[in-house]
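Below: the structure, in structure tokens.
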Amino acid sequence: MIHLDNLYKRREQAGSVFELFVPELKIAPGRMVALVGDSGCGKSTLLDMLALVMQPTRVGRFILNPGREQDAAIDVQSLWENGLESHLARLRRNFMGYILQTGGLLSFLSVMDNVCLPARIKGSKDYLTQVTALAARLGIEHCLKRKPDYLSIGQRQRAAILRAMAHGPALVLADEPTAAVDKARARIIMQDLQSVTRESGTAVVVVTHDTELVTDADVTYSFVLGQSSEGLVRAECRRSK
Ligand SMILES: Nc1ncnc2c1ncn2[C@@H]1O[C@H](COP(=O)(O)OP(=O)(O)OP(=O)(O)O)[C@@H](O)[C@H]1O
């Protein structure tokens with residue numbers, strides 16, 4: 001679904017420079033890919049590039065195949081280089097779902113309206129049956145009419161998973177999706193995320209600093225940080241499982 005190699009990103013801020021190098025990264029349909037590393041190693045930077053919101057400084061190849069047989073592989077870097085922002089936005093909208101640390105649900109909408117928003121924006125019509133089934137699968141079918149503030153934090157994170165998947169994305173990107181719940185709950189939510197994505201053939205990328213949380217991931221990439229010189233931090237992200 002995604003295959004990239006020799007990706008390099010340079011970020012500069014207030015005189016300090018951060019450089020990330022990823023020799024190779026592959027994401028296959030239905031697989032859970034974990035990006036694991038300490039704070040500041042570049043996890044969110046890499047996730048933003050996978051989410052097509054940040055352009056790599058340089059990359060050997062960055063191929064996205066949305067997964068359906070008739071879809072041709074897309075050269076992401078050439079979209080960036082040719083300024084095709086609207087094409088990138090369409091890919092984000094149609095093929096990707098996002099789960100944020102704190103759920104990111106809109107407090108003035110019911111869970112159901114939150115969940116259906118990406119599907120409506122995408123223009124999907126037949127999503128209600130799937131949403132109801134997935135809500136039951138995630139154990140939150142009784143929460144759909146409530147506003148997010150009236151849910152437990154765990155229920156909110158499950159609603160966020162449901163929202164990320166309601167429009168049938170090929171890829172779900174999750175940034176520390178269980179940071180707000182305790183470890184025991186985090187494990188269960190992560191297992192449920194893995195089973196619902198696997199069942200639907202959706203790939204999921206999970207960013208976390210907690211290795212234990214993603215021991216069951218199909219593939220793990222780890223970051224190695226090195227202080228190269230004053231004001232310059234280099235990180236490398238390699239497959240470790
Ligand atoms: N807007 C920015 N401009 C320049 N450098 C940035 C910017 N945001 C982050 N950085 C730097 O990029 C590096 C990687 O940051 P990133 O947020 O990707 O790390 P992370 O692994 O996700 O960290 P955390 O786990 O704390 O969220 C850090 O050194 C950070 O200071």
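Following the order of the structure tokens, chains are lettered A, B, ..., residues in each are numbered from 1, and ligands are numbered from 1.
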
Exercise for the section: Write out as a list in words which residues come within 8 Å of range 194-201 of chain A when counting only C-alpha atoms, dropping same-chain ones fewer than 3 positions away. Expected result: Pro29, Gly30, Arg31, Met32, Leu134, Arg137, Ala170, Met190, Gln191, Val204 and Ala217 of chain A

Output the selection as a tab-separated table (two decimals), in the first residue's frame - C-alpha atoms for each residue.
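Everything below was put into again_6.tsv:
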```tsv
chain	number	residue	atom	x	y	z
A	29	PRO	CA	-3.04	-4.02	3.63
A	30	GLY	CA	-4.54	-5.40	6.84
A	31	ARG	CA	-1.26	-5.11	8.73
A	32	MET	CA	-0.47	-3.17	11.90
A	134	LEU	CA	-18.41	-1.67	13.75
A	137	ARG	CA	-17.80	-4.77	17.38
A	170	ALA	CA	-7.32	1.88	3.17
A	190	MET	CA	-5.03	-1.73	20.85
A	191	GLN	CA	-6.08	-5.38	20.41
A	204	VAL	CA	-2.92	0.77	10.48
A	217	ALA	CA	2.11	-5.48	15.76
```

Practice task
Would you return as number ranges by chain the members of range 29-158 of chain A that DSSP assigns to alpha helix (DSSP H) on this structure's backbone?
Solution key: A: 43-50, 76-81, 85-95, 111-122, 128-137, 153-158

Problem - Test item: residues lying within 8 Å of ligand 1 with only C-alpha atoms and all ligand atoms, as JSON, numbers by chain - result: {"A": [11, 12, 13, 16, 17, 18, 19, 37, 38, 39, 40, 41, 42, 43, 44, 45, 46, 47, 207, 208, 209, 233]}

Practice task
Pick out the residues sitting within 12 Å of Val214 in chain A, and hand them over as a VMD selection string; count only C-alpha atoms, and ignore anything fewer than 2 positions along from it in its own chain.
Solution key: chain A and resid 32 to 37 176 to 178 183 186 to 191 193 to 194 204 to 212 216 to 222 241

Selected residues, C-alpha atoms, written as a PDB file, in the first residue's frame, please.
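New file again.pdb:
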```pdb
ATOM      1  CA  MET A  32      -0.470  -3.174  11.896  1.00  0.00           C
ATOM      2  CA  VAL A  33       2.787  -1.241  11.662  1.00  0.00           C
ATOM      3  CA  ALA A  34       4.197   0.231  14.878  1.00  0.00           C
ATOM      4  CA  LEU A  35       6.523   3.250  14.930  1.00  0.00           C
ATOM      5  CA  VAL A  36       8.270   3.137  18.283  1.00  0.00           C
ATOM      6  CA  GLY A  37      10.731   5.530  19.877  1.00  0.00           C
ATOM      7  CA  GLU A 176      -0.447   7.561  20.562  1.00  0.00           C
ATOM      8  CA  PRO A 177      -4.118   6.494  20.367  1.00  0.00           C
ATOM      9  CA  THR A 178      -4.241   5.133  23.913  1.00  0.00           C
ATOM     10  CA  LYS A 183      -2.181   0.447  30.532  1.00  0.00           C
ATOM     11  CA  ALA A 186      -4.761   0.619  26.406  1.00  0.00           C
ATOM     12  CA  ARG A 187      -3.849  -3.002  25.632  1.00  0.00           C
ATOM     13  CA  ILE A 188      -7.474  -4.009  25.063  1.00  0.00           C
ATOM     14  CA  ILE A 189      -8.184  -0.991  22.852  1.00  0.00           C
ATOM     15  CA  MET A 190      -5.028  -1.726  20.847  1.00  0.00           C
ATOM     16  CA  GLN A 191      -6.079  -5.376  20.406  1.00  0.00           C
ATOM     17  CA  LEU A 193      -7.968  -1.746  16.835  1.00  0.00           C
ATOM     18  CA  GLN A 194      -5.782  -4.503  15.413  1.00  0.00           C
ATOM     19  CA  VAL A 204      -2.915   0.771  10.485  1.00  0.00           C
ATOM     20  CA  VAL A 205       0.180   2.683  11.567  1.00  0.00           C
ATOM     21  CA  VAL A 206       0.465   3.248  15.305  1.00  0.00           C
ATOM     22  CA  VAL A 207       2.898   5.727  16.820  1.00  0.00           C
ATOM     23  CA  THR A 208       3.870   5.035  20.411  1.00  0.00           C
ATOM     24  CA  HIS A 209       6.754   5.380  22.865  1.00  0.00           C
ATOM     25  CA  ASP A 210       5.529   2.235  24.669  1.00  0.00           C
ATOM     26  CA  THR A 211       7.061  -0.902  23.135  1.00  0.00           C
ATOM     27  CA  GLU A 212       4.940  -3.230  25.301  1.00  0.00           C
ATOM     28  CA  ASP A 216       1.534  -7.889  18.649  1.00  0.00           C
ATOM     29  CA  ALA A 217       2.113  -5.481  15.756  1.00  0.00           C
ATOM     30  CA  ASP A 218       2.887  -7.268  12.492  1.00  0.00           C
ATOM     31  CA  VAL A 219       5.829  -4.989  11.772  1.00  0.00           C
ATOM     32  CA  THR A 220       7.760  -2.631  14.036  1.00  0.00           C
ATOM     33  CA  TYR A 221      10.037   0.234  13.080  1.00  0.00           C
ATOM     34  CA  SER A 222      12.281   1.706  15.776  1.00  0.00           C
ATOM     35  CA  LYS A 241      10.521  -6.714  13.727  1.00  0.00           C
TER      36      LYS A 241
END
```

Practice task
Run DSSP on the backbone of this structure and report the residues of range 28-70 of chain A it assigns to strand (DSSP E), as an NGL selection string.
Solution key: :A and (32-36 or 61-64)

Handout entry: Nearest residue to Asp75 in chain A from the set A:Ala136, A:Leu25, A:Leu4, A:Ile121 (distances using only C-alpha atoms)
Key = A:Leu4

Handout entry: Selection near Ser107 in chain A, 7 Å with only C-alpha atoms, sequence-local residues under 3 positions removed, as a ChimeraX atom specification
Key = /A:147-149

Given the selection you just returned, output its residues as a file containing C-alpha atoms, formatted as a PDB file, in the first residue's frame.
```pdb
ATOM      1  CA  LYS A 147     -22.151  13.714  23.009  1.00  0.00           C
ATOM      2  CA  PRO A 148     -18.451  12.867  23.561  1.00  0.00           C
ATOM      3  CA  ASP A 149     -18.346  14.657  26.958  1.00  0.00           C
TER       4      ASP A 149
END
```

Practice task
May I have the residues within 10 Å of Ile140 in chain A as a list in words, using only C-alpha atoms and disregarding those fewer than 4 positions away in the same chain?
Solution key: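 The neighbour list is Val111, Thr132, Leu134, Ala135, Ala136, Leu144, Leu151, Gln155, Arg156, Arg158, Ala159 and Leu162 of chain A.
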
What would the file look like if the residues just selected were written as a CSV table (one decimal), in the first residue's frame with C-alpha atoms?
```csv
chain,number,residue,atom,x,y,z
A,111,VAL,CA,-20.9,10.4,18.5
A,132,THR,CA,-23.6,0.2,13.3
A,134,LEU,CA,-18.4,-1.7,13.8
A,135,ALA,CA,-19.8,0.2,16.8
A,136,ALA,CA,-21.1,-3.1,18.1
A,144,LEU,CA,-23.9,6.6,19.5
A,151,LEU,CA,-18.5,9.1,27.5
A,155,GLN,CA,-15.3,4.9,25.0
A,156,ARG,CA,-14.1,8.2,23.4
A,158,ARG,CA,-13.2,3.6,20.7
A,159,ALA,CA,-15.5,6.3,19.1
A,162,LEU,CA,-14.9,4.1,14.7
```

Fill in the blank from the handout: Among A:Leu52, A:Leu7, A:Leu173, A:Leu225, Ile27 in chain A is approached most closely, using only C-alpha atoms, by A:Leu173

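In this comparison, which uses only C-alpha atoms, the residue of A:Lys122, A:Leu138, A:Thr215, A:Ala179 approaching Asp192 in chain A most closely is A:Leu138.
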